[in-house]
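What follows is a set of notes on a single structure, which appears directly below.
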Amino acid sequence: QVQLVELGGGSVQAGGSLRLSCEASGFTFSKTCMAWFRQFLGKEREAVALSYTGGSEETYYGDTDRARFKVYQEIVKSTVYLQMNRVKPEDTARYYCAAAAGPRAWHVCIPNPNRNDFTYWGQGTQVTVSS
C-alpha cells in the first residue's frame with residue numbers, strides 16, 4: 001500500500017521556520033520524483049520544490065523563493081523534506097507531498113511540473129503563518 005505521510009505543519013509567526021517531512025512507503029523511493037506542492041484557499045495546487053531521488057539528487061523549484069525554501073532527501077529513510085525559513089503570511093497554504101515513480105520520473109522532475117504526472121499524493125499538512 002502506497003503511503004506518503006506528511007508531518008511538520010502548524011502555526012508559526014512570520015520570520016520563523018518550519019520543516020515539513022514526507023515519508024514514503026509502498027513503492028521504490030529511488031529514482032522517483034518527490035515533490036512538494038501547495039494549495040492556497042480557492043486556488044489550484046502549485047509546485048513548490050522537487051527532488052529527484054536518483055543518483056544526481058537534482059532539485060528544482062517552482063516560483064517559490066528558493067532563498068527561503070530548501071528541499072532535500074534522506075534516501076535511507078525514504079523521506080523528503082521541505083525546510084521553510086523566514087516564512088511569510090503569504091506562505092499560508094496546505095502543503096502536499098507527491099511522488100512520480102517509474103521510468104518517466106526523471107522527465108517530470110522539472111521546475112513547473114504538470115501535477116497530473118504525479119501518481120501518489122499525501123493528505124497534506126496545513127501551514128499557517130501569522131503576521
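Going through the C-alpha cells in order, the chains are called A, B, and so on, while each chain numbers its residues from 1 and the ligands are numbered from 1 in the order shown.
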Which of chain A fall in alpha helix (DSSP H), as a ChimeraX atom specification: /A:105-108
Save out the residues we just selected, N, CA, C and O atoms, as a compact mmCIF listing (two decimals), in the first residue's frame.
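Here's the written file selection07.txt:
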```txt
# COMPACT_ATOMS: atom_id res chain seq x y z
N ALA A 105 9.87 9.27 -14.28
CA ALA A 105 10.09 10.11 -13.11
C ALA A 105 11.09 11.22 -13.38
O ALA A 105 10.91 12.37 -12.97
N TRP A 106 12.16 10.89 -14.04
CA TRP A 106 13.19 11.90 -14.33
C TRP A 106 12.63 13.02 -15.18
O TRP A 106 12.96 14.19 -15.01
N HIS A 107 11.77 12.68 -16.12
CA HIS A 107 11.26 13.66 -17.08
C HIS A 107 10.25 14.62 -16.45
O HIS A 107 10.09 15.74 -16.92
N VAL A 108 9.57 14.19 -15.41
CA VAL A 108 8.55 15.06 -14.83
C VAL A 108 9.13 15.96 -13.75
O VAL A 108 8.47 16.87 -13.27
```
Shell around stretch 62-78 of chain A at 8 Å using only C-alpha atoms, local window under 6 positions removed, as a PyMOL selection string: chain A and resi 23-25+29-30+46-51+53+84-87+111-112
- Message: as a VMD selection string, please: every residue in chain A that a backbone DSSP assignment puts in strand (DSSP E or B).
- Response: chain A and resid 3 to 7 10 to 13 18 to 25 33 to 39 46 to 52 59 to 61 69 to 74 79 to 84 93 to 100 120 to 121 125 to 130
With distances taken over only C-alpha atoms, the candidate from A:Gln13, A:Gln39, A:Arg45, A:Val129 nearest A:Glu90 is A:Val129
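Rounded to one decimal, atom CA of A:Pro103 and atom CA of A:Val80 lie 19.7 Å from each other.
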Who sits within 9 Å of A:Cys109, only C-alpha atoms, same chain under 4 positions skipped, as an mmCIF file with N, CA and C atoms, in the first residue's frame:
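After the write, out_1.cif holds the following:
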```
data_model
loop_
_atom_site.group_PDB
_atom_site.id
_atom_site.type_symbol
_atom_site.label_atom_id
_atom_site.label_comp_id
_atom_site.auth_asym_id
_atom_site.auth_seq_id
_atom_site.Cartn_x
_atom_site.Cartn_y
_atom_site.Cartn_z
ATOM 1 N N THR A 32 12.833 8.333 -8.099
ATOM 2 C CA THR A 32 11.463 8.854 -8.056
ATOM 3 C C THR A 32 11.528 10.375 -7.984
ATOM 4 N N CYS A 33 10.596 11.042 -8.576
ATOM 5 C CA CYS A 33 10.496 12.478 -8.415
ATOM 6 C C CYS A 33 9.574 12.758 -7.229
ATOM 7 N N MET A 34 10.163 13.278 -6.182
ATOM 8 C CA MET A 34 9.393 13.648 -4.997
ATOM 9 C C MET A 34 9.169 15.153 -5.031
ATOM 10 N N ALA A 35 7.959 15.565 -4.777
ATOM 11 C CA ALA A 35 7.623 16.976 -4.932
ATOM 12 C C ALA A 35 6.809 17.487 -3.754
ATOM 13 N N LEU A 50 10.983 20.312 -5.903
ATOM 14 C CA LEU A 50 11.051 18.915 -6.306
ATOM 15 C C LEU A 50 12.455 18.378 -6.097
ATOM 16 N N SER A 51 12.517 17.076 -5.864
ATOM 17 C CA SER A 51 13.808 16.433 -5.678
ATOM 18 C C SER A 51 13.776 15.070 -6.326
ATOM 19 N N TYR A 52 14.746 14.828 -7.194
ATOM 20 C CA TYR A 52 14.818 13.530 -7.845
ATOM 21 C C TYR A 52 15.691 12.627 -7.000
ATOM 22 N N GLU A 58 19.025 15.796 -8.089
ATOM 23 C CA GLU A 58 18.715 17.131 -8.591
ATOM 24 C C GLU A 58 17.516 17.705 -7.834
ATOM 25 N N THR A 59 17.528 19.014 -7.638
ATOM 26 C CA THR A 59 16.408 19.699 -7.017
ATOM 27 C C THR A 59 15.911 20.797 -7.939
ATOM 28 N N TYR A 60 14.656 21.083 -7.860
ATOM 29 C CA TYR A 60 14.035 22.081 -8.709
ATOM 30 C C TYR A 60 13.039 22.855 -7.871
ATOM 31 N N ALA A 100 6.214 10.865 -8.233
ATOM 32 C CA ALA A 100 6.090 10.309 -9.577
ATOM 33 C C ALA A 100 7.169 9.248 -9.697
ATOM 34 N N ARG A 104 9.320 7.426 -16.164
ATOM 35 C CA ARG A 104 9.144 8.830 -16.539
ATOM 36 C C ARG A 104 9.485 9.787 -15.411
ATOM 37 N N ALA A 105 9.870 9.265 -14.277
ATOM 38 C CA ALA A 105 10.085 10.111 -13.112
ATOM 39 C C ALA A 105 11.089 11.223 -13.379
ATOM 40 N N PRO A 113 6.173 21.505 -12.920
ATOM 41 C CA PRO A 113 5.678 20.254 -13.481
ATOM 42 C C PRO A 113 4.158 20.243 -13.644
#
```
Which neighbours of A:Pro89 fall inside 12 Å, counting only C-alpha atoms, when residues of the same chain fewer than 6 positions from it are skipped, and could you give them as JSON, numbers by chain?
{"A": [11, 12, 13, 14, 15, 16, 40, 127, 128, 129, 130, 131]}
At a cut-off of 12 Å, using only C-alpha atoms, what residues contact A:Glu6? Leave out same-chain residues fewer than 5 positions from it and give the result as a PyMOL selection string.
chain A and resi 19-25+35-37+79-82+94-98+121-127
Go ahead and save the residues from that selection, with N, CA, C and O atoms, as a CSV table (one decimal), in the first residue's frame.
```
chain,number,residue,atom,x,y,z
A,19,ARG,N,9.9,22.8,9.2
A,19,ARG,CA,10.4,21.8,8.4
A,19,ARG,C,9.3,20.8,8.2
A,19,ARG,O,8.9,20.2,9.2
A,20,LEU,N,9.0,20.6,7.0
A,20,LEU,CA,8.0,19.6,6.6
A,20,LEU,C,8.7,18.3,6.2
A,20,LEU,O,9.8,18.4,5.6
A,21,SER,N,8.2,17.2,6.6
A,21,SER,CA,8.7,15.9,6.1
A,21,SER,C,7.7,15.1,5.5
A,21,SER,O,6.5,15.2,5.8
A,22,CYS,N,8.1,14.2,4.6
A,22,CYS,CA,7.2,13.3,3.9
A,22,CYS,C,7.9,11.9,3.8
A,22,CYS,O,8.9,11.8,3.1
A,23,GLU,N,7.4,11.0,4.5
A,23,GLU,CA,7.9,9.6,4.5
A,23,GLU,C,7.1,8.8,3.5
A,23,GLU,O,5.9,8.7,3.6
A,24,ALA,N,7.8,8.2,2.6
A,24,ALA,CA,7.2,7.4,1.6
A,24,ALA,C,7.3,5.9,1.9
A,24,ALA,O,8.3,5.4,2.4
A,25,SER,N,6.3,5.1,1.5
A,25,SER,CA,6.3,3.7,1.6
A,25,SER,C,5.4,3.1,0.6
A,25,SER,O,4.5,3.7,0.0
A,35,ALA,N,8.0,15.6,-4.8
A,35,ALA,CA,7.6,17.0,-4.9
A,35,ALA,C,6.8,17.5,-3.8
A,35,ALA,O,6.1,16.7,-3.1
A,36,TRP,N,7.0,18.8,-3.5
A,36,TRP,CA,6.1,19.5,-2.6
A,36,TRP,C,5.3,20.5,-3.4
A,36,TRP,O,5.8,21.2,-4.2
A,37,PHE,N,4.0,20.4,-3.2
A,37,PHE,CA,3.0,21.3,-3.8
A,37,PHE,C,2.4,22.1,-2.7
A,37,PHE,O,2.4,21.6,-1.5
A,79,THR,N,12.5,9.5,2.8
A,79,THR,CA,11.9,10.8,3.3
A,79,THR,C,12.5,12.0,2.5
A,79,THR,O,13.6,12.1,2.2
A,80,VAL,N,11.5,12.9,2.2
A,80,VAL,CA,11.9,14.1,1.6
A,80,VAL,C,11.4,15.2,2.5
A,80,VAL,O,10.4,15.1,3.2
A,81,TYR,N,12.2,16.3,2.6
A,81,TYR,CA,11.9,17.4,3.5
A,81,TYR,C,11.8,18.7,2.7
A,81,TYR,O,12.3,18.9,1.7
A,82,LEU,N,11.0,19.6,3.3
A,82,LEU,CA,11.0,21.0,2.8
A,82,LEU,C,11.3,21.9,4.0
A,82,LEU,O,10.5,22.0,5.0
A,94,ARG,N,-2.0,24.8,2.3
A,94,ARG,CA,-1.9,23.4,2.6
A,94,ARG,C,-0.8,22.9,1.7
A,94,ARG,O,-0.8,23.1,0.5
A,95,TYR,N,0.1,22.2,2.3
A,95,TYR,CA,1.3,21.7,1.6
A,95,TYR,C,1.1,20.1,1.4
A,95,TYR,O,0.8,19.4,2.4
A,96,TYR,N,1.3,19.7,0.2
A,96,TYR,CA,1.2,18.3,-0.2
A,96,TYR,C,2.5,17.7,-0.7
A,96,TYR,O,3.2,18.4,-1.4
A,97,CYS,N,2.7,16.5,-0.3
A,97,CYS,CA,3.8,15.7,-0.8
A,97,CYS,C,3.3,14.9,-2.0
A,97,CYS,O,2.2,14.4,-1.9
A,98,ALA,N,4.0,14.7,-3.0
A,98,ALA,CA,3.6,13.9,-4.2
A,98,ALA,C,4.8,13.2,-4.7
A,98,ALA,O,6.0,13.6,-4.6
A,121,TRP,N,-0.1,10.9,-3.8
A,121,TRP,CA,-0.2,12.1,-3.0
A,121,TRP,C,-0.5,11.8,-1.6
A,121,TRP,O,-1.1,10.9,-1.2
A,122,GLY,N,0.1,12.7,-0.7
A,122,GLY,CA,-0.2,12.7,0.7
A,122,GLY,C,-1.5,13.4,1.0
A,122,GLY,O,-2.1,14.0,0.1
A,123,GLN,N,-1.9,13.4,2.2
A,123,GLN,CA,-3.1,14.1,2.6
A,123,GLN,C,-2.9,15.6,2.8
A,123,GLN,O,-3.9,16.3,2.8
A,124,GLY,N,-1.7,16.0,2.9
A,124,GLY,CA,-1.5,17.4,3.0
A,124,GLY,C,-1.3,17.8,4.5
A,124,GLY,O,-1.8,17.1,5.4
A,125,THR,N,-0.6,18.9,4.7
A,125,THR,CA,-0.4,19.4,6.0
A,125,THR,C,-0.5,20.9,6.0
A,125,THR,O,0.0,21.6,5.1
A,126,GLN,N,-1.3,21.5,6.9
A,126,GLN,CA,-1.6,22.9,6.9
A,126,GLN,C,-0.4,23.7,7.5
A,126,GLN,O,0.1,23.4,8.6
A,127,VAL,N,-0.1,24.8,6.8
A,127,VAL,CA,0.9,25.7,7.3
A,127,VAL,C,0.2,27.1,7.4
A,127,VAL,O,-0.3,27.6,6.4
```
